[in-house]
Amino acid sequence: MIPRQQDRRPQGTAAVRPPLRVRLRPGAAAVTVWYLRLQAVLNIVAVLSLPFRKEVHEHNVGEFFTPYLATAGLVSAALALFLAVVMRRRKRAAWIFNMLLAGPLFTLYALALTQDAYRQHVFNWISTLLTGVFVVAL
């Protein structure tokens, strides 16, 4: 009988668990990829559906925030899809690009929520939360 990998450890040594950030890294990468894929699909749906497009445009120009890359356009859909593909391939340039766009956007949302005009809308809190989760996952 061939001993299993875990049986080959020398006696008296305990298994060392990797740090938390190393264990969370694959899940965080998956969150960013799926977020970008979802934004690409939602942008394409917004282009094809007039009522949904009007709703997204109203949120883009009114007192509402929209989550990162939600703009109801084919260009942002293509960008989100491209970023999802390169993030899936673990390209550092995609990570840097997303951080340069989403990081300041999240900071701007958080600062804007200190004002009463933006704080009263629940959608602004949800958009800030989604963008924040994306930035943390990066």
# chains A, B, ... in the order shown; residues from 1 in each chain; ligands from 1
>>> select_by_dssp(residues="chain A", states="alpha helix (DSSP H)", output="number ranges by chain")
A: 20-48, 50-61, 74-88, 92-112, 116-119, 122-137
>>> residues_around(residues="Leu101 of chain A", least_positions_apart="4", cutoff="10 Å", atoms="only C-alpha atoms", output="PyMOL selection string")
chain A and resi 68-69+96-97+105-106+135
>>> closest_residue(among="A:Val16, A:Val41, A:Leu138, A:Ala78", to="Ala28 of chain A", atoms="only C-alpha atoms")
A:Leu138
>>> residues_around(residues="Arg53 of chain A", least_positions_apart="2", cutoff="12 Å", atoms="only C-alpha atoms", output="PyMOL selection string")
chain A and resi 42-51+55-60+70-74
>>> closest_residue(among="A:Gly132, A:Glu63, A:Arg37, A:Ala30", to="Gln115 of chain A", atoms="only C-alpha atoms")
A:Glu63
>>> atom_distance(atom1="atom CA of Ala40 of chain A", atom2="atom CA of Pro67 of chain A")
12.2 Å
>>> atom_distance(atom1="atom CA of Gly27 of chain A", atom2="atom CA of Leu100 of chain A")
21.3 Å
>>> closest_residue(among="A:Ala77, A:Ala112, A:Leu129, A:Met87", to="Val31 of chain A", atoms="only C-alpha atoms")
A:Met87
>>> atom_distance(atom1="atom CA of Ala29 of chain A", atom2="atom CA of Ala93 of chain A")
14.2 Å
>>> closest_residue(among="A:Pro18, A:Ser127, A:Tyr118, A:Tyr35", to="Leu83 of chain A", atoms="only C-alpha atoms")
A:Tyr35
